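Undergrad: Here you go, one structure.
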Amino acid sequence: MNENRFRREQETLAYMVKIYCRLTHKQKVCLCEECETLLRYAEQRLQNCPFKEKKPTCKNCTIHCYKPDAAKKVREIMRFAGPRMLYYHPILAVLHLWNARK
């Protein structure tokens, strides 16, 4: 994964967590403690990905880096925030879908 795509993937995940937290936990300005912890964990796992520049999207990956409870929560966040990304950040949403199709 090139540096721009890697950074964009981190940014997309951060936006999804922010959308989820704002709409489900009613956080106005910053993330709640639970979402902040999950986002930091996900960013750490992404940094340590063994595929690096050849990393597929997590949905298409053969290695599952997250602990089961964290993976479940991230799937829940992505299911909730994914469709809303088209409204809140359409460019990132389209680029994420494009990368998933490659």
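Here, A, B, ... name the chains of the structure tokens in the order displayed, residue numbers run from 1 inside each chain, and ligands are numbered from 1 in the same displayed order.
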Taking the DSSP assignment computed from this structure's backbone, write out as a count of residues only all residues of chain A that belong to alpha helix (DSSP H).

TA: 70

Undergrad: Residues at most 8 Å from segment 73-86 of chain A, counting only C-alpha atoms, excluding those fewer than 3 positions away in the same chain, as a PyMOL selection string?

TA: chain A and resi 15-17+19-20+69-70+89-94

Undergrad: Write the selection just made, keeping C-alpha atoms, as an mmCIF file, in the first residue's frame?

TA:
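In the end it all went to out.cif:
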data_model
loop_
_atom_site.group_PDB
_atom_site.id
_atom_site.type_symbol
_atom_site.label_atom_id
_atom_site.label_comp_id
_atom_site.auth_asym_id
_atom_site.auth_seq_id
_atom_site.Cartn_x
_atom_site.Cartn_y
_atom_site.Cartn_z
ATOM 1 C CA TYR A 15 -14.162 9.353 10.093
ATOM 2 C CA MET A 16 -16.256 6.203 10.443
ATOM 3 C CA VAL A 17 -15.603 6.050 14.189
ATOM 4 C CA ILE A 19 -19.709 9.363 12.652
ATOM 5 C CA TYR A 20 -20.641 6.325 14.731
ATOM 6 C CA ASP A 69 -14.400 -8.311 20.465
ATOM 7 C CA ALA A 70 -12.632 -5.422 18.705
ATOM 8 C CA HIS A 89 -17.314 12.419 3.311
ATOM 9 C CA PRO A 90 -18.199 11.209 -0.205
ATOM 10 C CA ILE A 91 -14.652 11.314 -1.597
ATOM 11 C CA LEU A 92 -13.247 9.013 1.092
ATOM 12 C CA ALA A 93 -16.269 6.722 0.742
ATOM 13 C CA VAL A 94 -15.822 6.325 -3.002
#

Undergrad: Go through A:Cys21, A:Ala42, A:Cys58, A:Ile63 and flag the residue nearest Asn99 of chain A, using only C-alpha atoms for the distances.

TA: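 Closest to Asn99 of chain A of all the choices is A:Cys58.
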
Undergrad: Of the candidates A:Leu38, A:His25, A:Glu9, A:Cys30, which shows the shortest atom-to-atom distance to Ala71 of chain A, using only C-alpha atoms?

TA: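 Ranked by minimum distance to Ala71 of chain A, first place goes to A:Leu38.
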
Undergrad: Nearest to Leu13 of chain A among A:Tyr41, A:Trp98, A:Phe51, A:Tyr87, with distances taken over only C-alpha atoms: which residue is it?

TA: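 Closest candidate: A:Tyr41.
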